[in-house]
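> Let me begin by handing over the structure; questions about it come next.
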Amino acid sequence: QTVGIVVLVVASIKLLHILGIINFSEDSVEDELELSAVRHRPEGLGQLEAQTRFSRKELQILYRGFKNECPSGIVNEETFKDIYAQFFPQGDASTYAHFLFNAFDTDHNGSVSFEDFVMGLSILLRGTIQEKLKWAFNLYDINKDGYITKEEMLDIMKAIYDMMGKCTYPVLKEETPRQHVEVFFQKMDKNKDGVVTIDEFIDCCQNDENIMRSMHLFENVL
């Protein structure tokens with residue numbers, strides 16, 4: 001399960017790399033005028049600056065990279081799958097990309113806009129521990145009913161192991177994800193009612209040293 005939390009953050013950083021966002025240049029960046037030329041125009045930079053933990057310059061850089069890869073101003077699920085297929089060629093990243101796309105697609109309209117992207121990224125990179133864990137909980141809560149079931153947790157873990165593919169050593173047995181989930185789910189489900197609430201999820205993660213360490217890994221990426 002710790003692997004799941006760490007991969008969530010690392011995979012989001014890989015998304016930045018593929019969009020060419022982390023490889024910054026010193027070129028001047030047009031802001032509002034350039035934004036207005038895109039079909040799906042994002043909110044004004046001032047508003048996004050107020051809603052996120054990014055500076056105006058950081059938002060301009062993020063938008064330049066986003067626009068270069070997504071001229072229409074939106075990303076669909078197939079684009080997410082293509083991105084992760086490039087970074088995890090040794091495995092099958094399509095299912096994990098599907099789950100991650102749904103976590104970024106907060107209004108569930110089948111696309112991720114620049115606003116969706118930077119709002120999620122702001123939490124993953126600059127959010128408080130509570131905010132990051134709430135975001136992770138939302139990823140695991142596949143049907144968005146406010147609870148994580150054992151099957152939902154298993155679906156996410158299987159997707160992560162499928163994505164990692166031959167990167168795992170020793171090679172995992174087919175039953176390994178279920179065994180890991182059994183152990184961690186029992187640890188999380190403190191009242192033994194068969195579901196994990198957001199409070200149980202956050203409490204358990206906050207008491208896991210490895211998860212807490214992973215929460216701080218990429219705070220200074222931008």
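A note on labels: chains of the structure tokens are A, B, ... as shown, every chain counts residues from 1, and ligands are counted from 1 in their shown order.
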Show which residues sit within 8 Å of Met212 (chain A), as an NGL selection string. Count only C-alpha atoms, and ignore same-chain residues fewer than 6 positions away.

:A and (129 or 205-206)

> When you look at region 181-196 of chain A with a cut-off of 7 Å (counting only C-alpha atoms), what residues show up, excluding the ones that are within fewer than 4 positions of it in the same chain? I need them as a list of chain:residue names.

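Returned residues: A:Gln1, A:Tyr147, A:Ile148, A:Thr149, A:Lys150, A:Met153, A:Leu154, A:Pro177, A:Glu200, A:Phe201, A:Cys204.
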
> Wanna dump the region 106-134 of chain A-region 77-100 of chain A contacts at 9 Å for me, each residue with its shortest atom pair and the distance in Å to one decimal, counting only C-alpha atoms, ordered by chain and number, as JSON lines?


{"residue": "A:Gly110", "atom": "CA", "partner": "A:Glu77", "partner_atom": "CA", "distance": 7.2}
{"residue": "A:Ser111", "atom": "CA", "partner": "A:Glu77", "partner_atom": "CA", "distance": 6.9}
{"residue": "A:Val112", "atom": "CA", "partner": "A:Glu77", "partner_atom": "CA", "distance": 8.3}
